[in-house]
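Enquirer: I'd like to ask you about the structure that follows.
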Amino acid sequence: MNYYIGIDLHSTNTYVGVIDQDNRKVFSKKFPNQLDTIIQALEPFRSAVAGVVVESTYNWYWLVDGLKEKGYRVHLANPSAIKQYEGLKHADDVTDAFHLANVLRLGILPEGYIYPQAERPVRDLLRKRLHLVQQRTAQILSVQNLLTRNLALRMTAAEVKKLNVWDAGQLFTERHLILSAAASIGTIGFLGARIKELEKAVRTAGNLKRDYHLLQTVPGIGVILALTIMYETGEISRFARVGNYVSYCRCVKSTRLSNGKSKGAGNRKNGNRHLSWAFVEAANIAVWNYGYVKSYYQRKAARTNTVVAIKAVAHKLARACYHIISQQQAFDPKRAFAY
C-alpha cells in the first residue's frame, strides 16, 4: 500500500491530507506551523509514503527542508499551473490538500524547482540587495523632485549620491524642507553602505564558480548581473531546451492562438522576475556600449518600437547565457548577433 501526502501550507498553519493508491482518504488534519508536530503526524505512514507534495508558497523552506532531512521524497507544486475543476461549488484547505495528493498520485503534478538549500542564502542576499537598490532609487527620486519643485534645480542621481545631510541646509532655507531633504539624503547614504556590504559578500561567494566568470564575457553583464543570473538560474539541466529557459526569463511573448487567431494573452508573469530584470538591464547596457548590439537594436526598433527592441536584445542575451552555462564556453558575438 502506497500513500500520497498533500500539504496545503499557509503563513500560520498547515493542512495535511493523505490518500492511498486508490485515492481513498485515510488522514486529514490542520496543524500549526511546527515541523516536529507535522513530522510526528506523518510517522504512521512513513514506511509506505510514495511522495509528499507541498504547495509552493513564500514560506516553504523550513517545511520542505525538514521533510527532506527525514527522508521523505518531497515535491514542490507550482500553484499557478494547478487548476481544479472550475465548476466546483466548494473548495477549501481540505479539498486543496487532497487535490495536491491526487495529482501527485496520477503523475500529472506541475512541479516547482526546489532550489538547493546550500545556495539559497546567497540568492536571497542578492534579492535583498536589489530591494535595497530600489529603495535607494526611490529616495534619490524624492530628493530630485524636492529640488525641482522648490528650486527649479535639476541634479543627476550621481550628484544626489554625493550629498551629505549637512548639504540640505545649504540647498534649502525653510526648516521643514531641510528636514525632508536631510532624511532622504541620510537614508541614501545608509542604504549605499549596506548595498556595498552585501555586494562584497556575494562576490566572495560567487568568485569560485566558473559560470560567474563565463557570464561576464556577455555584453552588458558585469559582476552583479552575472551573480544574479547564475544564482537565479540554478541547475541549467532543469531546462530541457533553450526555449524553456528563455520563457522562464520572461523573454518571450505570451499569446494564445486558435486557428491562427488571437484568443488573448497568457500569464506574462510566469517565470522569474529577477532574471527578467537582469536581462533587460544587461540589454540596455549592451546597447549603449557595444556597436554590434546597438546595430541590431536599431534595426529591430525601426520595424517595431524601442520597448520591443530592448526585449529582443534581452532575448538574445538570455539564449546566449543558456548555451554559455550548459556548454561552459565563453560568449561568441558572431553566433549571438550574426554580424
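Identifiers for the C-alpha cells are assigned positionally: chains receive A, B, ... in sequence, residues are indexed from 1 per chain, and ligands are indexed from 1 in the order shown.
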With the cut-off set at 7 Å and counting only C-alpha atoms, tabulate each residue of segment 76-165 of chain A with an atom at most that distance from an atom of segment 39-62 of chain A, showing the nearest atom pair and its distance in Å to one decimal, ordered by chain and increasing number, as CSV.
Expert:
residue,atom,partner,partner_atom,distance
A:Leu76,CA,A:Val54,CA,5.1
A:Ala77,CA,A:Glu55,CA,4.8
A:Asn78,CA,A:Ser56,CA,5.9
A:Pro79,CA,A:Ser56,CA,6.4
A:Leu100,CA,A:Val53,CA,6.6
A:Ala101,CA,A:Val53,CA,6.6
Enquirer: Please, which residues of segment 106-317 of chain A, numbered as in this document, come out strand (DSSP E or B) from DSSP, as a list in words?
Expert: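 Here is the list: Glu111, Gly112, Leu257, Ser258, Lys261 and Ser262 of chain A.
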Enquirer: Could the residues in this selection be written to a file with C-alpha atoms, as a PDB file, in the first residue's frame?
Expert:
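As a result, result-v1.pdb now contains:
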ATOM      1  CA  GLU A 111       6.383  20.820 -10.162  1.00  0.00           C
ATOM      2  CA  GLY A 112       8.304  23.821  -8.964  1.00  0.00           C
ATOM      3  CA  LEU A 257      -3.852  31.279 -30.697  1.00  0.00           C
ATOM      4  CA  SER A 258      -6.663  29.173 -32.114  1.00  0.00           C
ATOM      5  CA  LYS A 261      -6.423  33.831 -34.492  1.00  0.00           C
ATOM      6  CA  SER A 262      -5.510  35.510 -31.239  1.00  0.00           C
TER       7      SER A 262
END
Enquirer: Tell me which protein, DNA and RNA residues are within 12 Å of Lys294 of chain A, counting only C-alpha atoms, leaving out same-chain ones fewer than 6 positions away, and put them as number ranges by chain.
Expert: A: 219-220, 283-288, 300-301, 306, 309-310, 312-313, 337, 339
Enquirer: Save out the residues we just selected, C-alpha atoms, as a PDB file, in the first residue's frame.
Expert:
ATOM      1  CA  PRO A 219      27.937  42.189 -23.411  1.00  0.00           C
ATOM      2  CA  GLY A 220      26.152  44.185 -20.730  1.00  0.00           C
ATOM      3  CA  ALA A 283      20.298  44.671 -22.783  1.00  0.00           C
ATOM      4  CA  ASN A 284      20.199  48.407 -22.024  1.00  0.00           C
ATOM      5  CA  ILE A 285      23.877  48.421 -21.005  1.00  0.00           C
ATOM      6  CA  ALA A 286      24.891  46.392 -24.083  1.00  0.00           C
ATOM      7  CA  VAL A 287      23.054  48.728 -26.476  1.00  0.00           C
ATOM      8  CA  TRP A 288      24.973  51.706 -25.061  1.00  0.00           C
ATOM      9  CA  LYS A 300      14.612  45.992 -34.586  1.00  0.00           C
ATOM     10  CA  ALA A 301      13.390  49.369 -33.285  1.00  0.00           C
ATOM     11  CA  THR A 306      12.125  50.682 -28.619  1.00  0.00           C
ATOM     12  CA  ALA A 309      13.718  46.102 -29.461  1.00  0.00           C
ATOM     13  CA  ILE A 310      15.152  46.025 -25.920  1.00  0.00           C
ATOM     14  CA  ALA A 312      14.587  41.328 -28.369  1.00  0.00           C
ATOM     15  CA  VAL A 313      18.141  42.089 -27.213  1.00  0.00           C
ATOM     16  CA  PHE A 337      24.138  38.612 -33.276  1.00  0.00           C
ATOM     17  CA  TYR A 339      27.295  40.398 -37.665  1.00  0.00           C
TER      18      TYR A 339
END
Enquirer: Pick from A:Gln34, A:Asn164, A:Thr228, A:Thr95: nearest to Leu126 of chain A, with only C-alpha atoms counted?
Expert: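 The shortest atom-to-atom distance to Leu126 of chain A comes from A:Thr228.
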Enquirer: Can you pull out every residue within 7 Å of Cys251 of chain A, counting only C-alpha atoms, but drop anything in the same chain fewer than 5 positions away, and send it as an mmCIF file with N, CA and C atoms, in the first residue's frame?
Expert:
data_model
loop_
_atom_site.group_PDB
_atom_site.id
_atom_site.type_symbol
_atom_site.label_atom_id
_atom_site.label_comp_id
_atom_site.auth_asym_id
_atom_site.auth_seq_id
_atom_site.Cartn_x
_atom_site.Cartn_y
_atom_site.Cartn_z
ATOM 1 N N VAL A 246 14.473 30.598 -21.827
ATOM 2 C CA VAL A 246 14.125 31.967 -22.225
ATOM 3 C C VAL A 246 12.710 32.313 -21.767
ATOM 4 N N SER A 276 14.255 38.274 -15.445
ATOM 5 C CA SER A 276 13.702 39.229 -16.417
ATOM 6 C C SER A 276 14.355 40.597 -16.239
ATOM 7 N N LYS A 311 13.566 44.221 -25.533
ATOM 8 C CA LYS A 311 13.200 42.851 -25.166
ATOM 9 C C LYS A 311 13.811 41.838 -26.127
ATOM 10 N N ALA A 314 17.338 41.437 -25.005
ATOM 11 C CA ALA A 314 17.317 40.622 -23.786
ATOM 12 C C ALA A 314 17.115 39.144 -24.126
ATOM 13 N N HIS A 315 16.259 38.879 -25.098
ATOM 14 C CA HIS A 315 16.021 37.505 -25.559
ATOM 15 C C HIS A 315 17.311 36.888 -26.094
#
Enquirer: Atom CA of Lys200 of chain A and atom CA of Trp166 of chain A, how far apart in Å?
Expert: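 Distance between the two atoms: 28.4 Å.
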Enquirer: Taking into account only C-alpha atoms, which residue in the set A:Ala336, A:Ile19, A:Val74, A:Leu130 is nearest to Leu275 of chain A?
Expert: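 Closest candidate: A:Leu130.
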Enquirer: Report as a PDB file with N, CA and C atoms, in the first residue's frame all protein, DNA and RNA residues lying within 12 Å of segment 135-137 of chain A, evaluated on only C-alpha atoms, omitting residues in the same chain fewer than 3 positions from it.
Expert:
ATOM      1  N   LYS A 128      17.859  40.664  -1.734  1.00  0.00           N
ATOM      2  CA  LYS A 128      17.828  41.740  -0.739  1.00  0.00           C
ATOM      3  C   LYS A 128      18.587  42.962  -1.248  1.00  0.00           C
ATOM      4  N   ARG A 129      19.720  42.736  -1.904  1.00  0.00           N
ATOM      5  CA  ARG A 129      20.481  43.846  -2.469  1.00  0.00           C
ATOM      6  C   ARG A 129      19.635  44.625  -3.472  1.00  0.00           C
ATOM      7  N   LEU A 130      18.950  43.907  -4.365  1.00  0.00           N
ATOM      8  CA  LEU A 130      18.100  44.567  -5.358  1.00  0.00           C
ATOM      9  C   LEU A 130      16.996  45.362  -4.684  1.00  0.00           C
ATOM     10  N   HIS A 131      16.430  44.817  -3.635  1.00  0.00           N
ATOM     11  CA  HIS A 131      15.384  45.516  -2.883  1.00  0.00           C
ATOM     12  C   HIS A 131      15.924  46.826  -2.303  1.00  0.00           C
ATOM     13  N   LEU A 132      17.136  46.786  -1.757  1.00  0.00           N
ATOM     14  CA  LEU A 132      17.733  47.995  -1.189  1.00  0.00           C
ATOM     15  C   LEU A 132      18.054  49.016  -2.277  1.00  0.00           C
ATOM     16  N   ILE A 140      16.385  58.790  -3.963  1.00  0.00           N
ATOM     17  CA  ILE A 140      17.049  59.708  -4.903  1.00  0.00           C
ATOM     18  C   ILE A 140      16.013  60.500  -5.694  1.00  0.00           C
ATOM     19  N   LEU A 141      14.976  59.809  -6.176  1.00  0.00           N
ATOM     20  CA  LEU A 141      13.906  60.485  -6.915  1.00  0.00           C
ATOM     21  C   LEU A 141      13.186  61.492  -6.026  1.00  0.00           C
ATOM     22  N   SER A 142      13.042  61.163  -4.748  1.00  0.00           N
ATOM     23  CA  SER A 142      12.394  62.080  -3.815  1.00  0.00           C
ATOM     24  C   SER A 142      13.186  63.382  -3.681  1.00  0.00           C
ATOM     25  N   VAL A 143      14.518  63.266  -3.564  1.00  0.00           N
ATOM     26  CA  VAL A 143      15.365  64.460  -3.471  1.00  0.00           C
ATOM     27  C   VAL A 143      15.299  65.261  -4.763  1.00  0.00           C
ATOM     28  N   GLN A 144      15.362  64.582  -5.899  1.00  0.00           N
ATOM     29  CA  GLN A 144      15.294  65.280  -7.185  1.00  0.00           C
ATOM     30  C   GLN A 144      13.974  66.032  -7.338  1.00  0.00           C
ATOM     31  N   THR A 156      21.580  65.250 -11.074  1.00  0.00           N
ATOM     32  CA  THR A 156      21.630  63.855 -11.504  1.00  0.00           C
ATOM     33  C   THR A 156      21.659  62.930 -10.289  1.00  0.00           C
ATOM     34  N   ALA A 157      21.377  61.656 -10.542  1.00  0.00           N
ATOM     35  CA  ALA A 157      21.409  60.665  -9.465  1.00  0.00           C
ATOM     36  C   ALA A 157      22.800  60.569  -8.850  1.00  0.00           C
ATOM     37  N   ALA A 158      23.835  60.649  -9.698  1.00  0.00           N
ATOM     38  CA  ALA A 158      25.209  60.586  -9.198  1.00  0.00           C
ATOM     39  C   ALA A 158      25.514  61.764  -8.282  1.00  0.00           C
ATOM     40  N   VAL A 160      23.264  63.462  -6.516  1.00  0.00           N
ATOM     41  CA  VAL A 160      22.487  63.293  -5.282  1.00  0.00           C
ATOM     42  C   VAL A 160      23.200  62.342  -4.329  1.00  0.00           C
ATOM     43  N   LYS A 161      23.798  61.272  -4.861  1.00  0.00           N
ATOM     44  CA  LYS A 161      24.501  60.295  -4.021  1.00  0.00           C
ATOM     45  C   LYS A 161      25.684  60.916  -3.272  1.00  0.00           C
ATOM     46  N   SER A 184      16.000  62.060   3.472  1.00  0.00           N
ATOM     47  CA  SER A 184      16.240  61.265   2.265  1.00  0.00           C
ATOM     48  C   SER A 184      17.732  61.086   1.991  1.00  0.00           C
ATOM     49  N   ILE A 185      18.504  62.155   2.167  1.00  0.00           N
ATOM     50  CA  ILE A 185      19.950  62.075   1.913  1.00  0.00           C
ATOM     51  C   ILE A 185      20.612  61.104   2.897  1.00  0.00           C
ATOM     52  N   GLY A 186      20.203  61.173   4.162  1.00  0.00           N
ATOM     53  CA  GLY A 186      20.747  60.252   5.159  1.00  0.00           C
ATOM     54  C   GLY A 186      20.403  58.806   4.852  1.00  0.00           C
ATOM     55  N   THR A 187      19.182  58.576   4.370  1.00  0.00           N
ATOM     56  CA  THR A 187      18.757  57.219   4.013  1.00  0.00           C
ATOM     57  C   THR A 187      19.531  56.702   2.809  1.00  0.00           C
ATOM     58  N   ILE A 188      19.788  57.597   1.852  1.00  0.00           N
ATOM     59  CA  ILE A 188      20.571  57.204   0.673  1.00  0.00           C
ATOM     60  C   ILE A 188      21.964  56.741   1.081  1.00  0.00           C
ATOM     61  N   GLY A 189      22.593  57.489   1.984  1.00  0.00           N
ATOM     62  CA  GLY A 189      23.922  57.107   2.445  1.00  0.00           C
ATOM     63  C   GLY A 189      23.917  55.790   3.200  1.00  0.00           C
ATOM     64  N   PHE A 190      22.921  55.610   4.057  1.00  0.00           N
ATOM     65  CA  PHE A 190      22.821  54.365   4.825  1.00  0.00           C
ATOM     66  C   PHE A 190      22.615  53.169   3.894  1.00  0.00           C
ATOM     67  N   LEU A 191      21.687  53.297   2.946  1.00  0.00           N
ATOM     68  CA  LEU A 191      21.412  52.200   2.020  1.00  0.00           C
ATOM     69  C   LEU A 191      22.627  51.909   1.141  1.00  0.00           C
ATOM     70  N   GLY A 192      23.338  52.958   0.739  1.00  0.00           N
ATOM     71  CA  GLY A 192      24.534  52.752  -0.075  1.00  0.00           C
ATOM     72  C   GLY A 192      25.582  51.916   0.645  1.00  0.00           C
ATOM     73  N   ALA A 193      25.761  52.176   1.929  1.00  0.00           N
ATOM     74  CA  ALA A 193      26.731  51.405   2.718  1.00  0.00           C
ATOM     75  C   ALA A 193      26.309  49.951   2.848  1.00  0.00           C
ATOM     76  N   ARG A 194      25.001  49.721   3.058  1.00  0.00           N
ATOM     77  CA  ARG A 194      24.506  48.350   3.180  1.00  0.00           C
ATOM     78  C   ARG A 194      24.628  47.604   1.850  1.00  0.00           C
ATOM     79  N   ILE A 195      24.372  48.297   0.748  1.00  0.00           N
ATOM     80  CA  ILE A 195      24.464  47.682  -0.576  1.00  0.00           C
ATOM     81  C   ILE A 195      25.900  47.227  -0.855  1.00  0.00           C
TER      82      ILE A 195
END
Enquirer: With only C-alpha atoms as the basis for distance, which of A:Asp65, A:Asp8, A:Asp36, A:Glu174 is at the shortest distance from Ala97 of chain A?
Expert: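 Smallest distance to Ala97 of chain A is found for A:Asp8.
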Enquirer: Residues at most 9 Å from segment 201-204 of chain A, counting only C-alpha atoms, excluding those fewer than 6 positions away in the same chain, as a PyMOL selection string?
Expert: chain A and resi 122-123+125-126+223-224+227
Enquirer: Suppose you want the space between atom CA of Leu215 of chain A and atom CA of Lys196 of chain A; what is it in Å?
Expert: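 Result for atom CA of Leu215 of chain A versus atom CA of Lys196 of chain A: 21.3 Å, one decimal.
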Enquirer: Write out as number ranges by chain all residues of segment 113-280 of chain A that backbone DSSP assigns to alpha helix (DSSP H).
Expert: A: 120-151, 157-161, 167-171, 175-206, 210-215, 223-233, 242-248, 273-280
